>>> print(open('start01.cif').read())   # mmCIF, C-alpha atoms
data_model
#
loop_
_atom_site.label_atom_id
_atom_site.label_comp_id
_atom_site.auth_asym_id
_atom_site.auth_seq_id
_atom_site.Cartn_x
_atom_site.Cartn_y
_atom_site.Cartn_z
CA MET Z 1 -19.26 4.95 0.53
CA SER Z 2 -16.25 6.89 1.78
CA PHE Z 3 -12.71 5.59 1.39
CA THR Z 4 -10.71 4.48 4.41
CA PRO Z 5 -7.03 3.89 3.64
CA PRO Z 6 -5.78 0.45 4.67
CA PRO Z 7 -2.85 0.20 7.09
CA TYR Z 8 0.43 1.05 5.40
CA PRO Z 9 1.99 -2.37 4.65
CA TYR Z 10 5.21 -1.95 6.60
CA GLU Z 11 3.39 -0.71 9.72
CA ARG Z 12 2.26 -4.33 10.15
CA LEU Z 13 5.81 -5.32 11.07
CA ASP Z 14 5.90 -3.65 14.49
CA GLY Z 15 5.49 -6.95 16.34
CA LEU Z 16 8.41 -8.53 14.47
CA LYS Z 17 10.58 -5.54 15.33
CA LYS Z 18 9.92 -5.95 19.06
CA THR Z 19 10.92 -9.62 18.83
CA ALA Z 20 14.12 -8.89 16.90
CA GLU Z 21 15.22 -6.08 19.21
CA ARG Z 22 15.81 -8.56 22.04
CA PHE Z 23 19.12 -9.65 20.49
CA ASP Z 24 22.44 -8.41 21.75
CA GLY Z 25 23.37 -6.07 18.91
CA GLY Z 26 19.74 -5.35 18.17
CA ALA Z 27 17.48 -5.93 15.23
CA ILE Z 28 18.74 -6.04 11.64
CA ASP Z 29 16.02 -4.47 9.54
CA CYS Z 30 15.93 -5.78 5.97
CA SER Z 31 12.24 -5.16 5.43
CA ILE Z 32 12.23 -1.92 3.40
CA GLY Z 33 14.41 -1.31 0.34
CA THR Z 34 15.95 1.93 1.58
CA PRO Z 35 19.58 2.35 0.41
CA VAL Z 36 22.14 2.76 3.21
CA ASP Z 37 25.36 3.23 1.25
CA ALA Z 38 26.93 6.61 0.51
CA PRO Z 39 25.77 8.48 -2.60
CA PRO Z 40 28.39 9.98 -4.93
CA THR Z 41 30.19 12.93 -3.37
CA ALA Z 42 30.02 14.92 -6.61
CA VAL Z 43 26.22 14.69 -6.56
CA LEU Z 44 25.97 16.08 -3.04
CA GLU Z 45 28.41 18.84 -3.88
CA GLU Z 46 26.35 19.80 -6.91
CA MET Z 47 23.15 19.92 -4.87
CA ALA Z 48 24.86 22.09 -2.25
CA ARG Z 49 25.50 24.71 -4.93
CA GLY Z 50 21.78 25.40 -4.88
CA LEU Z 51 21.41 26.04 -8.61
CA GLY Z 52 17.80 26.86 -9.44
CA ALA Z 53 16.74 27.28 -5.82
CA ARG Z 54 15.34 30.80 -6.30
CA GLY Z 55 12.99 30.22 -9.20
CA TYR Z 56 10.29 27.68 -9.88
CA PRO Z 57 11.70 24.60 -11.64
CA THR Z 58 10.14 23.25 -14.81
CA SER Z 59 7.78 20.34 -14.31
CA GLN Z 60 9.20 18.51 -17.31
CA GLY Z 61 12.73 18.83 -15.98
CA SER Z 62 15.53 21.10 -17.18
CA LEU Z 63 17.13 20.41 -20.54
CA ASP Z 64 20.36 19.55 -18.72
CA LEU Z 65 18.57 16.92 -16.62
CA ARG Z 66 16.74 15.43 -19.58
CA GLU Z 67 19.88 15.30 -21.68
CA ALA Z 68 21.71 13.48 -18.87
CA GLU Z 69 18.82 11.01 -18.50
CA SER Z 70 18.38 10.37 -22.21
CA ASP Z 71 22.15 9.97 -22.65
CA TRP Z 72 22.13 7.41 -19.85
CA MET Z 73 19.24 5.50 -21.41
CA ASN Z 74 20.98 5.48 -24.78
CA ARG Z 75 24.28 4.41 -23.24
CA ARG Z 76 22.77 1.72 -21.01
CA PHE Z 77 20.17 0.22 -23.34
CA GLY Z 78 21.43 1.04 -26.84
CA LEU Z 79 18.57 3.45 -27.59
CA GLU Z 80 18.26 6.69 -29.56
CA LEU Z 81 16.02 8.52 -27.11
CA ALA Z 82 15.71 12.30 -27.41
CA PRO Z 83 15.44 14.59 -24.36
CA ASP Z 84 11.87 15.56 -25.28
CA GLN Z 85 10.82 11.90 -25.12
CA LEU Z 86 11.07 11.85 -21.33
CA ALA Z 87 9.99 13.97 -18.37
CA ALA Z 88 10.80 14.23 -14.68
CA CYS Z 89 8.70 12.98 -11.78
CA VAL Z 90 8.94 13.53 -8.03
CA GLY Z 91 10.22 10.04 -7.33
CA THR Z 92 8.67 7.14 -9.19
CA LYS Z 93 6.34 6.13 -6.35
CA GLU Z 94 4.49 9.39 -6.85
CA PHE Z 95 4.26 8.66 -10.57
CA VAL Z 96 3.07 5.08 -10.03
CA GLY Z 97 0.44 6.29 -7.59
CA THR Z 98 -1.03 8.96 -9.88
CA VAL Z 99 -0.60 7.93 -13.51
CA SER Z 100 -3.71 5.72 -13.61
CA GLY Z 101 -5.96 8.61 -12.64
CA TYR Z 102 -4.45 10.90 -15.25
CA LEU Z 103 -4.79 8.31 -18.00
CA HIS Z 104 -8.41 7.76 -16.98
CA LEU Z 105 -9.12 11.45 -17.61
CA ARG Z 106 -7.85 10.89 -21.14
CA THR Z 107 -9.72 7.60 -21.69
CA PRO Z 108 -12.74 7.67 -19.35
CA GLY Z 109 -14.32 4.62 -21.01
CA ARG Z 110 -11.66 2.34 -19.51
CA ASP Z 111 -11.46 1.73 -15.78
CA THR Z 112 -9.15 -1.25 -15.18
CA VAL Z 113 -5.48 -1.30 -14.21
CA LEU Z 114 -3.67 -4.60 -14.78
CA TYR Z 115 -0.61 -5.38 -12.65
CA PRO Z 116 1.50 -8.39 -11.60
CA ALA Z 117 -0.20 -10.52 -8.95
CA VAL Z 118 2.99 -10.40 -6.86
CA SER Z 119 4.32 -6.86 -6.98
CA TYR Z 120 4.95 -3.45 -5.47
CA PRO Z 121 1.69 -2.50 -3.67
CA THR Z 122 1.44 0.96 -5.24
CA TYR Z 123 0.40 -0.39 -8.65
CA ALA Z 124 -2.90 -1.54 -7.16
CA MET Z 125 -3.20 1.38 -4.73
CA GLY Z 126 -2.73 3.89 -7.56
CA ALA Z 127 -5.80 2.42 -9.24
CA ILE Z 128 -7.78 2.43 -5.99
CA LEU Z 129 -6.91 6.06 -5.25
CA ALA Z 130 -8.22 6.99 -8.71
CA GLY Z 131 -11.48 5.09 -8.18
CA LEU Z 132 -10.49 2.42 -10.71
CA ARG Z 133 -10.42 -1.39 -10.75
CA PRO Z 134 -7.07 -3.00 -9.91
CA VAL Z 135 -6.92 -6.47 -11.48
CA PRO Z 136 -3.93 -8.72 -10.75
CA VAL Z 137 -2.36 -10.72 -13.57
CA ASN Z 138 -0.98 -14.19 -12.82
CA VAL Z 139 2.78 -14.53 -12.89
CA VAL Z 140 4.25 -17.82 -14.14
CA ASP Z 141 7.99 -18.49 -13.90
CA GLY Z 142 8.51 -14.83 -13.11
CA GLN Z 143 6.68 -13.51 -16.17
CA LEU Z 144 3.24 -12.03 -16.69
CA ASP Z 145 0.80 -14.72 -17.85
CA LEU Z 146 -0.85 -12.49 -20.41
CA ALA Z 147 -2.93 -15.34 -21.84
CA SER Z 148 -4.71 -15.67 -18.49
CA ILE Z 149 -6.19 -12.17 -18.60
CA ASN Z 150 -9.97 -12.24 -18.90
CA PRO Z 151 -11.08 -10.78 -22.27
CA ALA Z 152 -13.63 -8.62 -20.43
CA ASP Z 153 -10.80 -7.08 -18.41
CA ILE Z 154 -8.80 -6.45 -21.58
CA GLU Z 155 -11.73 -4.51 -23.02
CA ARG Z 156 -11.78 -2.31 -19.91
CA ALA Z 157 -7.98 -2.07 -19.50
CA LEU Z 158 -6.58 1.41 -19.11
CA LEU Z 159 -3.00 0.39 -18.31
CA LEU Z 160 -0.81 -2.68 -17.85
CA TRP Z 161 2.10 -2.57 -15.40
CA SER Z 162 5.24 -4.63 -15.78
CA ASN Z 163 8.13 -4.65 -13.30
CA SER Z 164 11.46 -6.10 -14.38
CA PRO Z 165 13.62 -6.85 -12.46
CA SER Z 166 10.75 -7.50 -10.12
CA ASN Z 167 10.23 -6.16 -6.66
CA PRO Z 168 9.88 -8.44 -4.70
CA THR Z 169 10.77 -11.59 -6.65
CA GLY Z 170 13.85 -10.52 -8.60
CA HIS Z 171 12.52 -12.20 -11.74
CA LEU Z 172 12.88 -10.75 -15.25
CA ASP Z 173 9.85 -10.32 -17.48
CA ASP Z 174 9.72 -10.75 -21.26
CA LEU Z 175 9.43 -7.07 -22.11
CA GLU Z 176 9.22 -7.59 -25.87
CA THR Z 177 6.16 -9.82 -25.43
CA VAL Z 178 4.58 -7.42 -22.95
CA ALA Z 179 5.03 -4.47 -25.34
CA ALA Z 180 3.59 -6.46 -28.25
CA TRP Z 181 0.58 -7.51 -26.16
CA GLY Z 182 -0.14 -3.90 -25.23
CA ARG Z 183 0.04 -2.72 -28.83
CA HIS Z 184 -2.15 -5.59 -30.05
CA HIS Z 185 -4.87 -4.75 -27.54
CA GLY Z 186 -4.47 -0.98 -27.57
CA VAL Z 187 -3.49 -0.93 -23.89
CA PRO Z 188 -0.64 1.35 -22.77
CA VAL Z 189 2.13 -0.47 -20.92
CA ALA Z 190 4.14 1.08 -18.10
CA SER Z 191 7.40 -0.77 -17.44
CA ASP Z 192 8.84 -0.12 -13.98
CA GLU Z 193 12.59 -0.56 -14.50
CA CYS Z 194 13.91 0.96 -11.28
CA TYR Z 195 16.17 -2.03 -10.58
CA ALA Z 196 17.56 -2.35 -14.10
CA GLU Z 197 21.09 -1.43 -12.99
CA PHE Z 198 21.03 -4.44 -10.67
CA THR Z 199 20.35 -7.08 -13.32
CA TRP Z 200 22.43 -10.21 -12.68
CA ALA Z 201 21.17 -12.53 -15.43
CA GLY Z 202 22.71 -10.87 -18.47
CA ARG Z 203 22.61 -7.18 -19.34
CA PRO Z 204 20.05 -4.59 -18.18
CA ARG Z 205 16.93 -4.39 -20.37
CA SER Z 206 14.32 -1.75 -21.13
CA ILE Z 207 10.96 -2.08 -22.80
CA LEU Z 208 11.98 0.86 -25.03
CA GLU Z 209 14.39 -1.45 -26.85
CA HIS Z 210 11.26 -2.80 -28.56
CA GLY Z 211 9.93 0.56 -29.75
CA LEU Z 212 8.28 3.57 -28.12
CA ASP Z 213 4.72 3.19 -29.39
CA GLY Z 214 2.27 2.70 -26.53
CA VAL Z 215 4.88 2.13 -23.83
CA LEU Z 216 6.52 4.03 -20.99
CA ALA Z 217 9.66 3.11 -19.09
CA VAL Z 218 9.86 4.38 -15.52
CA HIS Z 219 13.25 4.97 -13.88
CA SER Z 220 14.48 6.29 -10.55
CA ILE Z 221 17.71 7.65 -9.11
CA SER Z 222 16.82 6.21 -5.69
CA LYS Z 223 18.28 2.73 -6.04
CA ARG Z 224 20.83 3.42 -8.78
CA SER Z 225 22.71 6.10 -6.87
CA ASN Z 226 21.56 5.72 -3.22
CA LEU Z 227 19.56 8.94 -3.48
CA ALA Z 228 16.07 7.91 -2.39
CA GLY Z 229 15.75 11.04 -0.25
CA LEU Z 230 16.00 13.34 -3.26
CA ARG Z 231 12.72 12.04 -4.72
CA ALA Z 232 13.63 12.16 -8.38
CA GLY Z 233 12.77 9.90 -11.28
CA PHE Z 234 11.59 10.08 -14.87
CA TYR Z 235 9.32 8.42 -17.39
CA ALA Z 236 10.21 7.94 -21.05
CA GLY Z 237 8.75 6.49 -24.21
CA ASP Z 238 5.73 7.13 -26.40
CA PRO Z 239 5.93 10.86 -27.28
CA ASP Z 240 2.14 11.34 -27.13
CA LEU Z 241 1.88 9.73 -23.68
CA VAL Z 242 4.88 11.64 -22.37
CA GLU Z 243 3.54 14.97 -23.61
CA TYR Z 244 0.05 14.33 -22.26
CA LEU Z 245 1.34 13.38 -18.83
CA ARG Z 246 3.80 16.27 -18.82
CA SER Z 247 0.98 18.70 -19.45
CA VAL Z 248 -1.35 17.25 -16.82
CA ARG Z 249 1.38 17.05 -14.22
CA GLN Z 250 2.39 20.64 -14.93
CA HIS Z 251 -1.14 21.75 -14.11
CA ALA Z 252 -1.03 19.69 -10.91
CA GLY Z 253 2.17 21.40 -9.82
CA PHE Z 254 4.51 18.41 -9.74
CA MET Z 255 8.08 19.75 -9.84
CA VAL Z 256 11.43 18.25 -8.86
CA PRO Z 257 13.34 20.99 -6.97
CA GLY Z 258 15.91 22.83 -9.09
CA PRO Z 259 18.99 21.89 -7.03
CA VAL Z 260 17.87 18.26 -7.09
CA GLN Z 261 17.52 18.34 -10.88
CA SER Z 262 21.06 19.67 -11.17
CA ALA Z 263 22.43 17.00 -8.81
CA VAL Z 264 20.58 14.14 -10.50
CA ALA Z 265 22.03 15.17 -13.86
CA VAL Z 266 25.51 14.69 -12.37
CA ALA Z 267 24.53 11.24 -11.08
CA TYR Z 268 23.24 10.07 -14.44
CA ARG Z 269 26.46 11.14 -16.15
CA ASP Z 270 28.54 8.83 -13.96
CA ASP Z 271 28.44 5.03 -14.25
CA GLU Z 272 31.47 4.19 -12.11
CA HIS Z 273 29.69 4.55 -8.77
CA VAL Z 274 26.96 2.22 -10.02
CA GLU Z 275 29.46 -0.51 -10.82
CA VAL Z 276 30.80 -0.22 -7.27
CA GLN Z 277 27.29 -0.51 -5.85
CA ARG Z 278 26.53 -3.51 -8.06
CA SER Z 279 29.49 -5.35 -6.57
CA ILE Z 280 28.37 -4.49 -3.04
CA TYR Z 281 24.83 -5.74 -3.53
CA HIS Z 282 25.87 -8.93 -5.29
CA ALA Z 283 28.29 -9.82 -2.51
CA ARG Z 284 25.63 -9.18 0.12
CA LEU Z 285 23.12 -11.35 -1.70
CA GLU Z 286 25.59 -14.24 -1.75
CA VAL Z 287 26.48 -13.94 1.95
CA VAL Z 288 22.90 -13.84 3.19
CA ALA Z 289 21.63 -16.47 0.73
CA ASP Z 290 24.33 -18.93 1.83
CA ALA Z 291 23.46 -18.41 5.50
CA LEU Z 292 19.74 -18.82 4.85
CA ARG Z 293 20.31 -22.09 2.99
CA TYR Z 294 22.34 -23.38 5.92
CA PHE Z 295 19.39 -22.42 8.15
CA GLY Z 296 17.05 -24.46 5.94
CA VAL Z 297 15.46 -21.65 3.95
CA GLU Z 298 15.16 -21.79 0.16
CA ALA Z 299 16.94 -18.62 -0.96
CA PRO Z 300 17.80 -18.63 -4.68
CA MET Z 301 19.88 -15.82 -6.09
CA PRO Z 302 17.64 -13.38 -8.00
CA ASP Z 303 17.95 -12.59 -11.70
CA GLY Z 304 17.88 -8.94 -10.71
CA SER Z 305 17.22 -6.48 -7.84
CA PHE Z 306 18.80 -6.54 -4.39
CA TYR Z 307 16.15 -8.73 -2.77
CA LEU Z 308 16.04 -12.40 -1.79
CA TRP Z 309 12.62 -13.98 -2.30
CA CYS Z 310 12.63 -16.91 0.12
CA HIS Z 311 10.46 -19.68 1.51
CA LYS Z 312 10.64 -22.61 3.89
CA ASP Z 313 8.51 -25.73 3.51
CA GLY Z 314 5.68 -25.90 6.01
CA LEU Z 315 5.68 -22.18 6.84
CA ASP Z 316 3.82 -19.24 5.39
CA GLY Z 317 5.49 -15.85 5.03
CA TRP Z 318 4.46 -14.50 8.42
CA GLU Z 319 5.59 -17.69 10.16
CA LEU Z 320 8.95 -17.56 8.39
CA ALA Z 321 9.31 -13.85 9.18
CA THR Z 322 8.64 -14.64 12.84
CA LEU Z 323 11.17 -17.47 12.81
CA LEU Z 324 13.87 -15.21 11.35
CA ALA Z 325 13.11 -12.47 13.87
CA GLU Z 326 13.28 -14.95 16.75
CA SER Z 327 16.35 -16.83 15.50
CA ALA Z 328 18.50 -14.08 14.01
CA GLY Z 329 16.96 -10.72 14.91
CA LEU Z 330 16.32 -10.32 11.19
CA ILE Z 331 13.30 -8.26 10.15
CA VAL Z 332 11.94 -9.20 6.73
CA SER Z 333 8.77 -8.53 4.76
CA PRO Z 334 6.15 -11.30 4.59
CA GLY Z 335 5.24 -11.99 0.99
CA ASP Z 336 1.54 -11.23 1.27
CA LEU Z 337 2.45 -7.54 1.52
CA TYR Z 338 3.00 -7.87 -2.26
CA GLY Z 339 -0.23 -9.73 -3.03
CA ASP Z 340 -2.02 -12.85 -1.89
CA ALA Z 341 0.03 -14.99 -4.27
CA GLY Z 342 3.15 -14.03 -2.32
CA ALA Z 343 1.86 -15.49 0.96
CA PRO Z 344 4.32 -18.44 1.14
CA PHE Z 345 7.38 -16.16 0.81
CA VAL Z 346 9.37 -13.42 2.50
CA ARG Z 347 11.39 -10.64 0.91
CA ILE Z 348 14.80 -9.75 2.34
CA ALA Z 349 16.44 -6.49 1.24
CA MET Z 350 20.24 -6.12 1.20
CA VAL Z 351 20.02 -2.66 2.72
CA GLN Z 352 22.11 -2.98 5.84
CA PRO Z 353 25.87 -2.34 6.00
CA ASP Z 354 28.12 -5.33 5.38
CA GLU Z 355 28.91 -5.79 9.07
CA ARG Z 356 25.22 -5.91 10.02
CA LEU Z 357 24.45 -8.49 7.35
CA ALA Z 358 27.50 -10.48 8.47
CA LEU Z 359 26.02 -10.44 11.98
CA ALA Z 360 22.69 -11.71 10.64
CA ALA Z 361 24.51 -14.47 8.75
CA ALA Z 362 26.48 -15.44 11.87
CA ARG Z 363 23.27 -15.71 13.87
CA LEU Z 364 21.72 -17.91 11.18
CA LEU Z 365 24.85 -20.09 11.18
CA GLY Z 366 24.64 -20.43 14.94
CA HIS Z 367 27.91 -18.65 15.68
#
>>> encode(input="start01.cif", output="structure tokens")
Amino acid sequence: MSFTPPPYPYERLDGLKKTAERFDGGAIDCSIGTPVDAPPTAVLEEMARGLGARGYPTSQGSLDLREAESDWMNRRFGLELAPDQLAACVGTKEFVGTVSGYLHLRTPGRDTVLYPAVSYPTYAMGAILAGLRPVPVNVVDGQLDLASINPADIERALLLWSNSPSNPTGHLDDLETVAAWGRHHGVPVASDECYAEFTWAGRPRSILEHGLDGVLAVHSISKRSNLAGLRAGFYAGDPDLVEYLRSVRQHAGFMVPGPVQSAVAVAYRDDEHVEVQRSIYHARLEVVADALRYFGVEAPMPDGSFYLWCHKDGLDGWELATLLAESAGLIVSPGDLYGDAGAPFVRIAMVQPDERLALAAARLLGH
């Protein structure tokens, strides 16, 4: 049977957009987590220099890039990661969407990808695109319910995904327990940590704090530095896994452009702009959450990320999304885009300028 791709999740929001656009001042689109704030000037200046534009870049990433990334990991998480224990990827979505297939080539006897039941859709789609079985894992109080995994699925497990802070829920997982589970069962664990810089409940965490064996941490410059358009990320951890994936990806021709590598190295060497962005996102979360509560929506502050994961008694996610579009011109993502278990919720991204979010809040407050 041939494969027919399902509709891209966010294309399902076209009807909500038409409703929201009727407002004076237009729609306020908080459905997709695309950064809108300015990236660091020094990064753009570095990219404009065009270093490495003439020759083919290395798939692994230049030594300068990998040193900047490993130094950041060591500085941020208290690690002792070496530059050869990580490698570049062309944005982490590309990595998430392909890694299952590459690991299956290495371990063809396993065909199951485990992932959080409420999560970024590409974890499951990456398995589907590789002809593998995506199996959701229950999430309880924001953490993977590892005890609920069927033993038959464990036997077939090729990979377990964790995402902390979570997109869409903002919850933090117990990464030490997840790493230990993977090692006990001989299942590699990939920890998507793209929102680590925006951890509100305590300090940022990485699964690599609990050892490198059998685990990978996945990081992106997109959210950290408002550079989603550069398509640059990296994966780090178990040296054998990193080297295997580096080699396969080199054969496949995955390369971050040279000028981008140079610019991203500058971004990872600067933490000041991230602290500024943290303050911006936290303030936006508070403003919108307060307005939603006034409007009768349950909108707790997240433990991490720049999303509000909200619900309203008596409404499912699509009904609440429609209500917000009709009442405030606010476009949000219904929770079932992130799995059936998310159906009662909506996700609201703080990715509009302050004045646009203030307008959304004023509409919710009835001003």
>>> resolve_selection(input="start01.cif", expression="the PyMOL selection byres ((chain Z and resi 41-43) around 12)", output="PyMOL selection string")
chain Z and resi 37-40+44-50+221+225-227+230+259-270+273
>>> write_last_selection(input="start01.cif", atoms="C-alpha atoms", output="PDB file, in the frame of the given file")
ATOM      1  CA  ASP Z  37      25.360   3.230   1.250  1.00  0.00           C
ATOM      2  CA  ALA Z  38      26.930   6.610   0.510  1.00  0.00           C
ATOM      3  CA  PRO Z  39      25.770   8.480  -2.600  1.00  0.00           C
ATOM      4  CA  PRO Z  40      28.390   9.980  -4.930  1.00  0.00           C
ATOM      5  CA  LEU Z  44      25.970  16.080  -3.040  1.00  0.00           C
ATOM      6  CA  GLU Z  45      28.410  18.840  -3.880  1.00  0.00           C
ATOM      7  CA  GLU Z  46      26.350  19.800  -6.910  1.00  0.00           C
ATOM      8  CA  MET Z  47      23.150  19.920  -4.870  1.00  0.00           C
ATOM      9  CA  ALA Z  48      24.860  22.090  -2.250  1.00  0.00           C
ATOM     10  CA  ARG Z  49      25.500  24.710  -4.930  1.00  0.00           C
ATOM     11  CA  GLY Z  50      21.780  25.400  -4.880  1.00  0.00           C
ATOM     12  CA  ILE Z 221      17.710   7.650  -9.110  1.00  0.00           C
ATOM     13  CA  SER Z 225      22.710   6.100  -6.870  1.00  0.00           C
ATOM     14  CA  ASN Z 226      21.560   5.720  -3.220  1.00  0.00           C
ATOM     15  CA  LEU Z 227      19.560   8.940  -3.480  1.00  0.00           C
ATOM     16  CA  LEU Z 230      16.000  13.340  -3.260  1.00  0.00           C
ATOM     17  CA  PRO Z 259      18.990  21.890  -7.030  1.00  0.00           C
ATOM     18  CA  VAL Z 260      17.870  18.260  -7.090  1.00  0.00           C
ATOM     19  CA  GLN Z 261      17.520  18.340 -10.880  1.00  0.00           C
ATOM     20  CA  SER Z 262      21.060  19.670 -11.170  1.00  0.00           C
ATOM     21  CA  ALA Z 263      22.430  17.000  -8.810  1.00  0.00           C
ATOM     22  CA  VAL Z 264      20.580  14.140 -10.500  1.00  0.00           C
ATOM     23  CA  ALA Z 265      22.030  15.170 -13.860  1.00  0.00           C
ATOM     24  CA  VAL Z 266      25.510  14.690 -12.370  1.00  0.00           C
ATOM     25  CA  ALA Z 267      24.530  11.240 -11.080  1.00  0.00           C
ATOM     26  CA  TYR Z 268      23.240  10.070 -14.440  1.00  0.00           C
ATOM     27  CA  ARG Z 269      26.460  11.140 -16.150  1.00  0.00           C
ATOM     28  CA  ASP Z 270      28.540   8.830 -13.960  1.00  0.00           C
ATOM     29  CA  HIS Z 273      29.690   4.550  -8.770  1.00  0.00           C
TER      30      HIS Z 273
END
>>> atom_distance(input="start01.cif", atom1="CA of Phe234 in chain Z", atom2="CA of Ala87 in chain Z")
5.5 Å
>>> resolve_selection(input="start01.cif", expression="the PyMOL selection byres ((chain Z and resi 75-77) around 9)", output="list in words")
Ser70, Asp71, Trp72, Met73, Asn74, Gly78, Leu79, Glu197, Arg203, Pro204, Arg205, Ser206, Leu208 and Glu209 of chain Z
>>> closest_residue(input="start01.cif", among="Z:Leu365, Z:Val256, Z:Leu337, Z:Val248", to="Val297 in chain Z", atoms="only C-alpha atoms")
Z:Leu365
>>> closest_residue(input="start01.cif", among="Z:Arg347, Z:Gly126, Z:Glu80, Z:Ser333", to="Asp14 in chain Z", atoms="all atoms listed in the file")
Z:Ser333
>>> residues_around(input="start01.cif", residues="range 105-111 of chain Z", least_positions_apart="4", cutoff="12 Å", atoms="only C-alpha atoms", output="short mmCIF file (atom, residue, chain, number, x, y, z; two decimals) with C-alpha atoms, in the frame of the given file")
data_model
loop_
_atom_site.label_atom_id
_atom_site.label_comp_id
_atom_site.auth_asym_id
_atom_site.auth_seq_id
_atom_site.Cartn_x
_atom_site.Cartn_y
_atom_site.Cartn_z
CA THR Z 98 -1.03 8.96 -9.88
CA VAL Z 99 -0.60 7.93 -13.51
CA SER Z 100 -3.71 5.72 -13.61
CA GLY Z 101 -5.96 8.61 -12.64
CA ALA Z 127 -5.80 2.42 -9.24
CA ILE Z 128 -7.78 2.43 -5.99
CA ALA Z 130 -8.22 6.99 -8.71
CA GLY Z 131 -11.48 5.09 -8.18
CA LEU Z 132 -10.49 2.42 -10.71
CA ARG Z 133 -10.42 -1.39 -10.75
CA PRO Z 134 -7.07 -3.00 -9.91
CA VAL Z 135 -6.92 -6.47 -11.48
CA ALA Z 152 -13.63 -8.62 -20.43
CA ASP Z 153 -10.80 -7.08 -18.41
CA ILE Z 154 -8.80 -6.45 -21.58
CA GLU Z 155 -11.73 -4.51 -23.02
CA ARG Z 156 -11.78 -2.31 -19.91
CA ALA Z 157 -7.98 -2.07 -19.50
CA LEU Z 158 -6.58 1.41 -19.11
CA LEU Z 159 -3.00 0.39 -18.31
CA LEU Z 160 -0.81 -2.68 -17.85
CA GLY Z 186 -4.47 -0.98 -27.57
CA VAL Z 187 -3.49 -0.93 -23.89
CA PRO Z 188 -0.64 1.35 -22.77
CA ASP Z 240 2.14 11.34 -27.13
CA LEU Z 241 1.88 9.73 -23.68
CA TYR Z 244 0.05 14.33 -22.26
CA LEU Z 245 1.34 13.38 -18.83
CA SER Z 247 0.98 18.70 -19.45
CA VAL Z 248 -1.35 17.25 -16.82
#
>>> build_atoms(input="start01.cif", residues="range 148-162 of chain Z", atoms="N, CA and C atoms", output="PDB file, keeping the file's coordinate frame")
ATOM      1  N   SER Z 148      -3.721 -15.407 -19.532  1.00  0.00           N
ATOM      2  CA  SER Z 148      -4.710 -15.670 -18.490  1.00  0.00           C
ATOM      3  C   SER Z 148      -5.639 -14.497 -18.238  1.00  0.00           C
ATOM      4  N   ILE Z 149      -5.368 -13.345 -18.862  1.00  0.00           N
ATOM      5  CA  ILE Z 149      -6.190 -12.170 -18.600  1.00  0.00           C
ATOM      6  C   ILE Z 149      -7.577 -12.350 -19.219  1.00  0.00           C
ATOM      7  N   ASN Z 150      -8.594 -12.109 -18.436  1.00  0.00           N
ATOM      8  CA  ASN Z 150      -9.970 -12.240 -18.900  1.00  0.00           C
ATOM      9  C   ASN Z 150     -10.231 -11.241 -20.040  1.00  0.00           C
ATOM     10  N   PRO Z 151     -10.798 -11.703 -21.163  1.00  0.00           N
ATOM     11  CA  PRO Z 151     -11.080 -10.780 -22.270  1.00  0.00           C
ATOM     12  C   PRO Z 151     -11.920  -9.568 -21.856  1.00  0.00           C
ATOM     13  N   ALA Z 152     -12.810  -9.755 -20.888  1.00  0.00           N
ATOM     14  CA  ALA Z 152     -13.630  -8.620 -20.430  1.00  0.00           C
ATOM     15  C   ALA Z 152     -12.756  -7.574 -19.738  1.00  0.00           C
ATOM     16  N   ASP Z 153     -11.709  -8.024 -19.048  1.00  0.00           N
ATOM     17  CA  ASP Z 153     -10.800  -7.080 -18.410  1.00  0.00           C
ATOM     18  C   ASP Z 153      -9.918  -6.376 -19.432  1.00  0.00           C
ATOM     19  N   ILE Z 154      -9.575  -7.090 -20.508  1.00  0.00           N
ATOM     20  CA  ILE Z 154      -8.800  -6.450 -21.580  1.00  0.00           C
ATOM     21  C   ILE Z 154      -9.595  -5.315 -22.200  1.00  0.00           C
ATOM     22  N   GLU Z 155     -10.881  -5.541 -22.427  1.00  0.00           N
ATOM     23  CA  GLU Z 155     -11.730  -4.510 -23.020  1.00  0.00           C
ATOM     24  C   GLU Z 155     -11.792  -3.254 -22.153  1.00  0.00           C
ATOM     25  N   ARG Z 156     -11.677  -3.441 -20.842  1.00  0.00           N
ATOM     26  CA  ARG Z 156     -11.780  -2.310 -19.910  1.00  0.00           C
ATOM     27  C   ARG Z 156     -10.401  -1.777 -19.491  1.00  0.00           C
ATOM     28  N   ALA Z 157      -9.322  -2.389 -20.000  1.00  0.00           N
ATOM     29  CA  ALA Z 157      -7.980  -2.070 -19.500  1.00  0.00           C
ATOM     30  C   ALA Z 157      -7.527  -0.677 -19.914  1.00  0.00           C
ATOM     31  N   LEU Z 158      -7.117   0.076 -18.928  1.00  0.00           N
ATOM     32  CA  LEU Z 158      -6.580   1.410 -19.110  1.00  0.00           C
ATOM     33  C   LEU Z 158      -5.065   1.389 -19.190  1.00  0.00           C
ATOM     34  N   LEU Z 159      -4.451   0.437 -18.463  1.00  0.00           N
ATOM     35  CA  LEU Z 159      -3.000   0.390 -18.310  1.00  0.00           C
ATOM     36  C   LEU Z 159      -2.594  -0.996 -17.855  1.00  0.00           C
ATOM     37  N   LEU Z 160      -1.436  -1.443 -18.333  1.00  0.00           N
ATOM     38  CA  LEU Z 160      -0.810  -2.680 -17.850  1.00  0.00           C
ATOM     39  C   LEU Z 160       0.547  -2.322 -17.272  1.00  0.00           C
ATOM     40  N   TRP Z 161       0.799  -2.753 -16.037  1.00  0.00           N
ATOM     41  CA  TRP Z 161       2.100  -2.570 -15.400  1.00  0.00           C
ATOM     42  C   TRP Z 161       2.960  -3.806 -15.553  1.00  0.00           C
ATOM     43  N   SER Z 162       4.215  -3.589 -15.862  1.00  0.00           N
ATOM     44  CA  SER Z 162       5.240  -4.630 -15.780  1.00  0.00           C
ATOM     45  C   SER Z 162       6.327  -4.117 -14.856  1.00  0.00           C
TER      46      SER Z 162
END
